[in-house]
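Working notes, beginning with the structure itself.
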Amino acid sequence: MDSRQKNFLALAGLVVLLVAAVWAFWPPSQRITQGLDLRGGLSVIMSPVGTADQTAMERALAIVENRVNGLGVSEATVQLQNGGQAILIQMPGYKDPKKAIAALGQTGKLEFVEVASLPTTMQPNVTAGFVLPKGSYTAALGGDVITKATATASTNKLTPGAYEVDMQFNASGTTKWASITQANVGKQIAIVLDGRVVSAPVVENAIVGGDSQITGSFTADQANQLATILQSGALPVPLRFSQTEVVGPTLGQDALQRGVLAALFGILIVAIYLAIYYRGFGVVAWVALGSFAMVYLGILATLSRAGQYALSLPGIAGIVLSIGLAADTSILIFERYKEETAMGRSPRMAAKSGTRHAILTSLDADAVTFASAIPLFIFAIGPVKGFALTLMIGIICDLTVAMLFTRPAVMLLSESVVPKIPAFFGVKGGGAGA
Amino acid sequence: MRRPYIDFMGKKRVMFSISGVVLVVAIAALAFRGLNLGIEFKGGTAVTITNVSNATVAQVRSAASDAGLPEPEVQTTQNGFIVRSIETSTGAAQTEASALASTLHVAAADTQVNTIGPAWGSNITNSALLALAVSILAILAYVSVRFEYKMAVTGVIALFHDAIITLGLYALLGREVTPNTVAALLTILGYSLYDTIVVFHRIRENTQNLSKKTFMAMANDSLNQVMARWINTGLASLIPVLCLLFLGGSTLQDFAFALTIGLISGAYSSFAVASPLYAMWKEHEPRYQALKKRFAEAK
């Protein structure tokens, strides 16, 4: 395969990539997840008072998750951050911040409630997730009597692969639990965390030994989660609000529109400038900038789909900054090309060696910048992370476009078009025949 | 088409003096005025309200006091206000912010409330500093292995130059420093480095078979060779950021300000700090000292 074929192949590769990118990001308002600062909603960071070990934080996380689920938010995410020393809760689009903050700030109260003691109209509703209104029930037993709760694989041959949860009580708990279970054989006992039913198993026999199983067709995850809640209904570490952000939806959309407008304006002015300065190659730069933008959006949409990305205000600033990065590779190539033709090389030779040198320079500069962005992405929190990510994506897109488009385009143009109209490309005509 | 040839290296004392004066001013501003750290670092509440009809700063301030926000400071934005307060209780801040919004007849959709607990700021600062330290080590290691350690050291000196000048300007103007500022600053360092590497790349290319001129003269040639690229890329990076500075909303303008200063300083330091320092250092190597001697005698 000669270089001409290789170049056409690269251009074909770019077309395929662009089609895939457009398919991935169109329509952008749906395909690219918007962060909380753009969509509006509630973002909370809770961190322990003092430091907490990893297990304690993981248990706290499970409890916070339970509280968030209790609010019925559809897209909430709860995750550990800052080296496991903080919990980030995000509820995009959530409209009742006061309620959420009150729920998150609870102390974590685990109770056992006899379903038979509830109002008869309420009884059929008692399943996992049901919220018992405050004051509508009295707990038969508090969760503080549980000494240990573990998830184990079920020994029951009828339900292979299922998990169950074993609970152990302290002495006073054992006595009370025996009398409660005795009175409720064949009836449900609800396990209630912060007023919300976690599970409502039916009592099979009176349990006198203080050692009981909750069976059912739990998966390993469900059983572990239930065990966590049982063992540590109360938070294992006291948490406090470190950062709370409540964003009104119109506010974020306004900022987004301004950001997009600024980015489009910036690209337009840069494109005009490049066309004036580089004439024929300015057009090549336009296509390169356009391709860069599409590949970039394609990557953002793909990451969004995988749940790994949400566009935020820092992200927009990072994207605007990467316009310069995208233009730079084209500029490096054109300048090197001009230099080599000025030295008397034919456009064809200049294209071959010039683009190679320029891309090598770009590659080194990109690699250093990339190496400096990785630690920012790993260690920093908040906006620094988002910024570092956009920078890294920018570098990848830049190199992709340079290899698949800018270099092949400059080489192909130099074979036929540039020698015919050298002035249009800002190249001296003399060397064309050499 | 002849390009102008500029004797950058001959003017290195002028360039160092400019950098020196700006650095002294920046350090003095940091020492005497200090940075105006945002609530994210100290703890507190910021309430952003937009679409406010007919309210003055004084009215907003008194409304904030009436709503119970302690020690409110009011700043105007393009289409509203930001009220900052020392309130660190999340629950109380919510109640006070809704009271403020309803006094000013602003809908909840047009309101943003950001509350930071007292100890959280040090977390953000520490993580950013750790990230910066590891990042600089990564740069030093990479450039030392791929190029040489003298390039790594002078490149990193230029980075500190840019960081100090940007922060110094924040101190001088009393502009609020937020985590966004920190993010912008760290990213700018990456860009500044990019610029420096492009110059170093050319110097290294020209170093091969260097025998017809001094290292300094060759470095000056290299700067002239990459000058057109330097100007065009500088403009292509700066123009979009300036658009953001003029068209973006308040948060984006915050970024754009730091980016603008950083881009200018970064472009300057690649030419005026990193390259001359590197060339001066290299001139001390026996091989290049011999070249220098030879051409000094020839003159």
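As shown in the structure tokens, the chain order sets the letters A, B, ...; within each chain, residues go from 1, and ligands are also counted from 1 in the order they appear.
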Please report as a PDB file with C-alpha atoms, in the first residue's frame which residues of chain B come no farther than 7 Å from chain A, using only C-alpha atoms.
```
ATOM      1  CA  THR B  90     -27.063  23.644  55.934  1.00  0.00           C
ATOM      2  CA  GLY B  91     -30.563  23.529  57.338  1.00  0.00           C
ATOM      3  CA  GLN B  94     -31.964  26.724  53.263  1.00  0.00           C
ATOM      4  CA  ALA B 108     -36.903  28.841  43.651  1.00  0.00           C
ATOM      5  CA  ALA B 109     -35.943  27.850  40.087  1.00  0.00           C
ATOM      6  CA  ASP B 110     -33.837  31.002  39.828  1.00  0.00           C
ATOM      7  CA  THR B 111     -32.035  30.436  43.088  1.00  0.00           C
ATOM      8  CA  GLN B 112     -28.864  28.583  43.983  1.00  0.00           C
ATOM      9  CA  VAL B 113     -27.777  27.917  47.542  1.00  0.00           C
ATOM     10  CA  ASN B 114     -24.298  26.639  48.276  1.00  0.00           C
ATOM     11  CA  THR B 115     -23.310  25.864  51.861  1.00  0.00           C
ATOM     12  CA  ILE B 116     -19.858  24.714  52.914  1.00  0.00           C
ATOM     13  CA  GLY B 117     -19.143  23.229  56.323  1.00  0.00           C
ATOM     14  CA  TRP B 120     -14.268  21.146  54.292  1.00  0.00           C
ATOM     15  CA  ILE B 124     -10.193  20.719  48.904  1.00  0.00           C
ATOM     16  CA  SER B 127      -6.264  17.427  47.642  1.00  0.00           C
ATOM     17  CA  ALA B 128      -5.413  20.145  45.120  1.00  0.00           C
ATOM     18  CA  LEU B 130      -1.314  16.838  46.554  1.00  0.00           C
ATOM     19  CA  ALA B 131      -2.497  16.687  42.939  1.00  0.00           C
ATOM     20  CA  LEU B 132      -0.206  19.573  42.026  1.00  0.00           C
ATOM     21  CA  VAL B 134       2.329  14.647  42.024  1.00  0.00           C
ATOM     22  CA  SER B 135       1.652  16.407  38.756  1.00  0.00           C
ATOM     23  CA  ILE B 136       4.939  18.346  38.940  1.00  0.00           C
ATOM     24  CA  ALA B 138       5.237  13.465  36.801  1.00  0.00           C
ATOM     25  CA  ILE B 139       6.313  16.349  34.567  1.00  0.00           C
ATOM     26  CA  TYR B 142       8.650  12.502  31.981  1.00  0.00           C
ATOM     27  CA  PRO B 179     -12.042  25.893  43.751  1.00  0.00           C
ATOM     28  CA  ASN B 180     -12.830  26.849  40.142  1.00  0.00           C
ATOM     29  CA  ALA B 183      -8.900  24.174  38.687  1.00  0.00           C
ATOM     30  CA  THR B 187      -5.025  23.396  33.879  1.00  0.00           C
ATOM     31  CA  GLY B 190      -0.566  22.102  31.617  1.00  0.00           C
ATOM     32  CA  LEU B 193       4.059  23.425  29.698  1.00  0.00           C
ATOM     33  CA  TYR B 194       2.707  22.433  26.280  1.00  0.00           C
ATOM     34  CA  ILE B 197       7.741  21.731  25.143  1.00  0.00           C
ATOM     35  CA  VAL B 198       7.060  22.876  21.582  1.00  0.00           C
ATOM     36  CA  HIS B 201      11.422  20.260  20.855  1.00  0.00           C
ATOM     37  CA  ARG B 229       3.176  29.081  15.558  1.00  0.00           C
ATOM     38  CA  THR B 233      -1.669  29.229  18.778  1.00  0.00           C
ATOM     39  CA  ALA B 236      -6.348  30.606  18.919  1.00  0.00           C
ATOM     40  CA  SER B 237      -6.306  29.724  22.632  1.00  0.00           C
ATOM     41  CA  ILE B 239      -9.775  34.247  21.632  1.00  0.00           C
ATOM     42  CA  PRO B 240     -12.253  31.558  22.824  1.00  0.00           C
ATOM     43  CA  VAL B 241     -11.317  32.234  26.439  1.00  0.00           C
ATOM     44  CA  CYS B 243     -15.312  35.123  24.443  1.00  0.00           C
ATOM     45  CA  LEU B 244     -16.044  33.223  27.640  1.00  0.00           C
ATOM     46  CA  LEU B 247     -20.219  36.245  27.197  1.00  0.00           C
ATOM     47  CA  GLY B 248     -20.194  33.578  29.914  1.00  0.00           C
ATOM     48  CA  GLY B 249     -22.233  33.757  33.123  1.00  0.00           C
ATOM     49  CA  LEU B 252     -17.706  30.816  33.654  1.00  0.00           C
ATOM     50  CA  PHE B 255     -12.793  30.525  35.075  1.00  0.00           C
TER      51      PHE B 255
END
```
Just list as a compact mmCIF listing (two decimals) with C-alpha atoms, in the first residue's frame whatever in range 122-356 of chain A DSSP marks as strand (DSSP E).
```txt
# COMPACT_ATOMS: atom_id res chain seq x y z
CA LEU A 141 -38.17 -3.30 69.74
CA GLY A 142 -35.30 -0.97 68.91
CA ILE A 146 -28.81 -6.54 67.61
CA THR A 147 -25.24 -7.59 68.27
CA LYS A 148 -24.45 -9.14 64.92
CA ALA A 149 -26.03 -9.57 61.52
CA THR A 150 -24.47 -11.51 58.64
CA ALA A 151 -25.50 -12.57 55.17
CA THR A 152 -25.05 -16.27 54.42
CA ALA A 153 -25.88 -18.57 51.56
CA TYR A 163 -29.16 -15.80 50.56
CA GLU A 164 -30.49 -15.22 54.04
CA VAL A 165 -29.60 -12.93 56.91
CA ASP A 166 -28.67 -14.20 60.39
CA MET A 167 -29.27 -11.96 63.38
CA GLN A 168 -28.06 -12.27 66.95
CA PHE A 169 -29.47 -10.33 69.89
CA ILE A 189 -42.76 -8.04 61.55
CA ALA A 190 -41.52 -4.96 59.73
CA ILE A 191 -37.87 -3.92 59.95
CA VAL A 192 -38.06 -0.13 59.79
CA LEU A 193 -35.15 2.24 59.22
CA ARG A 196 -39.15 3.36 56.08
CA VAL A 197 -39.80 -0.37 55.78
CA VAL A 198 -36.64 -2.24 54.77
CA SER A 199 -38.11 -5.73 54.90
CA ASP A 211 -30.45 -16.33 66.99
CA SER A 212 -32.79 -15.91 64.04
CA GLN A 213 -32.79 -15.98 60.27
CA ILE A 214 -34.58 -13.75 57.83
CA THR A 215 -35.17 -15.89 54.76
CA GLY A 216 -36.59 -15.00 51.41
CA SER A 217 -35.21 -14.98 47.93
CA PHE A 218 -32.47 -12.45 48.59
CA LEU A 239 -21.66 12.55 59.56
CA ARG A 240 -21.92 16.26 58.97
CA PHE A 241 -22.77 18.36 55.94
CA SER A 242 -19.56 19.52 54.33
CA GLN A 243 -21.00 21.02 51.20
CA THR A 244 -24.55 21.55 50.06
CA GLU A 245 -25.45 22.93 46.70
CA VAL A 246 -28.99 23.64 45.67
CA VAL A 247 -29.29 24.86 42.09
```
Worksheet item: From the set A:Val64, A:Ile207, A:Val283, A:Ala223, which residue has the shortest atom-to-atom contact distance to Val410 in chain A, counting only C-alpha atoms?
Response: A:Val283
Discussion item. Between CA of Tyr278 in chain A and CA of Ala217 in chain B, what is the distance in Å, rounded to a tenth?
Written reply: 28.9 Å
Fill in: Distance query Gln182 in chain A at most 8 Å, only C-alpha atoms, self and fewer than 4 positions along chain excluded, as a count of residues only
4
Fill in: Residue neighbourhood range 286-290 of chain B, 10 Å, only C-alpha atoms, exclusion window fewer than 3 positions, as a list in words
Leu210, Ser211, Lys213, Thr214, Phe215, Met216, Lys282, Glu283, Lys293, Arg294, Phe295 and Ala296 of chain B
Fill in: Close residues, Leu9 in chain A itself excluded, 9 Å, only C-alpha atoms, min 5 positions apart in chain, as a list in words
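Skipping anything fewer than 5 positions along the chain leaves Arg4, Leu14 and Leu404 of chain A.
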Worksheet item: Per DSSP on the backbone, what are the helix (DSSP H, G or I) residues of range 44-249 of chain B, as a PyMOL selection string?
Response: chain B and resi 57-67+90-103+108-110+120-146+149-173+179-207+215-225+227-247
Would you mind exporting C-alpha atoms of the selected residues as a tab-separated table (two decimals), in the first residue's frame?
```
chain	number	residue	atom	x	y	z
B	57	VAL	CA	-27.48	46.14	46.48
B	58	ALA	CA	-28.60	47.92	49.65
B	59	GLN	CA	-32.09	46.43	49.38
B	60	VAL	CA	-30.71	42.95	48.82
B	61	ARG	CA	-28.36	43.36	51.79
B	62	SER	CA	-31.14	44.41	54.12
B	63	ALA	CA	-33.39	41.64	52.80
B	64	ALA	CA	-30.60	39.16	53.53
B	65	SER	CA	-30.16	40.48	57.06
B	66	ASP	CA	-33.92	40.31	57.63
B	67	ALA	CA	-33.91	36.73	56.33
B	90	THR	CA	-27.06	23.64	55.93
B	91	GLY	CA	-30.56	23.53	57.34
B	92	ALA	CA	-30.57	27.15	58.51
B	93	ALA	CA	-29.09	28.33	55.20
B	94	GLN	CA	-31.96	26.72	53.26
B	95	THR	CA	-34.59	28.46	55.38
B	96	GLU	CA	-32.81	31.81	55.21
B	97	ALA	CA	-32.28	31.56	51.45
B	98	SER	CA	-35.95	30.84	50.78
B	99	ALA	CA	-36.90	33.76	53.01
B	100	LEU	CA	-34.56	36.01	51.02
B	101	ALA	CA	-35.90	34.75	47.69
B	102	SER	CA	-39.50	35.29	48.69
B	103	THR	CA	-38.80	38.84	49.96
B	108	ALA	CA	-36.90	28.84	43.65
B	109	ALA	CA	-35.94	27.85	40.09
B	110	ASP	CA	-33.84	31.00	39.83
B	120	TRP	CA	-14.27	21.15	54.29
B	121	GLY	CA	-12.09	23.82	52.70
B	122	SER	CA	-8.84	22.33	53.97
B	123	ASN	CA	-9.88	19.07	52.31
B	124	ILE	CA	-10.19	20.72	48.90
B	125	THR	CA	-6.96	22.64	49.37
B	126	ASN	CA	-5.02	19.58	50.49
B	127	SER	CA	-6.26	17.43	47.64
B	128	ALA	CA	-5.41	20.15	45.12
B	129	LEU	CA	-1.92	20.59	46.59
B	130	LEU	CA	-1.31	16.84	46.55
B	131	ALA	CA	-2.50	16.69	42.94
B	132	LEU	CA	-0.21	19.57	42.03
B	133	ALA	CA	2.82	18.01	43.74
B	134	VAL	CA	2.33	14.65	42.02
B	135	SER	CA	1.65	16.41	38.76
B	136	ILE	CA	4.94	18.35	38.94
B	137	LEU	CA	6.83	15.16	39.82
B	138	ALA	CA	5.24	13.47	36.80
B	139	ILE	CA	6.31	16.35	34.57
B	140	LEU	CA	9.87	16.32	35.93
B	141	ALA	CA	10.13	12.56	35.47
B	142	TYR	CA	8.65	12.50	31.98
B	143	VAL	CA	10.61	15.41	30.58
B	144	SER	CA	13.84	14.16	32.20
B	145	VAL	CA	13.44	10.74	30.60
B	146	ARG	CA	12.12	11.86	27.22
B	149	TYR	CA	16.55	17.11	33.23
B	150	LYS	CA	17.70	20.66	32.42
B	151	MET	CA	14.60	21.10	30.27
B	152	ALA	CA	12.44	19.62	33.04
B	153	VAL	CA	13.79	22.01	35.68
B	154	THR	CA	13.59	25.18	33.58
B	155	GLY	CA	10.13	24.17	32.33
B	156	VAL	CA	8.90	23.78	35.91
B	157	ILE	CA	10.46	27.13	36.91
B	158	ALA	CA	8.34	28.71	34.17
B	159	LEU	CA	5.28	26.98	35.64
B	160	PHE	CA	5.91	28.47	39.07
B	161	HIS	CA	6.41	31.84	37.37
B	162	ASP	CA	2.93	31.55	35.83
B	163	ALA	CA	1.25	30.29	39.00
B	164	ILE	CA	2.72	33.06	41.18
B	165	ILE	CA	1.78	35.79	38.71
B	166	THR	CA	-1.79	34.52	38.33
B	167	LEU	CA	-2.32	34.21	42.09
B	168	GLY	CA	-0.57	37.55	42.64
B	169	LEU	CA	-3.02	39.26	40.33
B	170	TYR	CA	-5.90	37.72	42.27
B	171	ALA	CA	-4.41	39.12	45.48
B	172	LEU	CA	-3.80	42.52	43.89
B	173	LEU	CA	-7.36	42.83	42.57
B	179	PRO	CA	-12.04	25.89	43.75
B	180	ASN	CA	-12.83	26.85	40.14
B	181	THR	CA	-9.91	29.26	40.21
B	182	VAL	CA	-7.67	26.47	41.46
B	183	ALA	CA	-8.90	24.17	38.69
B	184	ALA	CA	-8.27	26.82	36.05
B	185	LEU	CA	-4.81	27.51	37.42
B	186	LEU	CA	-3.78	23.86	37.43
B	187	THR	CA	-5.02	23.40	33.88
B	188	ILE	CA	-3.22	26.49	32.70
B	189	LEU	CA	0.00	25.01	34.00
B	190	GLY	CA	-0.57	22.10	31.62
B	191	TYR	CA	-0.99	24.54	28.72
B	192	SER	CA	2.02	26.60	29.62
B	193	LEU	CA	4.06	23.43	29.70
B	194	TYR	CA	2.71	22.43	26.28
B	195	ASP	CA	3.99	25.70	24.84
B	196	THR	CA	7.38	25.26	26.47
B	197	ILE	CA	7.74	21.73	25.14
B	198	VAL	CA	7.06	22.88	21.58
B	199	VAL	CA	9.98	25.33	21.87
B	200	PHE	CA	12.25	22.77	23.55
B	201	HIS	CA	11.42	20.26	20.86
B	202	ARG	CA	12.74	22.63	18.22
B	203	ILE	CA	15.85	23.47	20.25
B	204	ARG	CA	16.60	19.78	20.64
B	205	GLU	CA	16.15	19.17	16.93
B	206	ASN	CA	18.57	22.00	16.15
B	207	THR	CA	21.08	20.81	18.76
B	215	PHE	CA	24.16	27.27	21.61
B	216	MET	CA	22.64	30.65	22.45
B	217	ALA	CA	22.48	31.68	18.78
B	218	MET	CA	20.95	28.34	17.85
B	219	ALA	CA	18.34	28.67	20.62
B	220	ASN	CA	17.50	32.12	19.31
B	221	ASP	CA	17.06	30.71	15.80
B	222	SER	CA	14.75	28.07	17.25
B	223	LEU	CA	12.60	30.69	18.95
B	224	ASN	CA	12.31	32.58	15.67
B	225	GLN	CA	11.40	29.39	13.82
B	227	MET	CA	7.42	32.24	16.58
B	228	ALA	CA	4.61	32.22	14.00
B	229	ARG	CA	3.18	29.08	15.56
B	230	TRP	CA	3.56	30.63	19.01
B	231	ILE	CA	1.60	33.75	18.06
B	232	ASN	CA	-1.13	31.91	16.15
B	233	THR	CA	-1.67	29.23	18.78
B	234	GLY	CA	-1.59	31.87	21.50
B	235	LEU	CA	-4.36	33.76	19.73
B	236	ALA	CA	-6.35	30.61	18.92
B	237	SER	CA	-6.31	29.72	22.63
B	238	LEU	CA	-6.89	33.23	23.93
B	239	ILE	CA	-9.77	34.25	21.63
B	240	PRO	CA	-12.25	31.56	22.82
B	241	VAL	CA	-11.32	32.23	26.44
B	242	LEU	CA	-11.90	35.97	25.94
B	243	CYS	CA	-15.31	35.12	24.44
B	244	LEU	CA	-16.04	33.22	27.64
B	245	LEU	CA	-14.85	36.18	29.72
B	246	PHE	CA	-17.26	38.53	27.95
B	247	LEU	CA	-20.22	36.24	27.20
```
Worksheet item: Nearest to Val52 in chain B among B:Leu30, B:Val25, B:Ala279, B:Val106, with distances taken over only C-alpha atoms: which residue is it?
Response: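 Going through B:Leu30, B:Val25, B:Ala279, B:Val106 one by one, the smallest distance to Val52 in chain B is for B:Val106.
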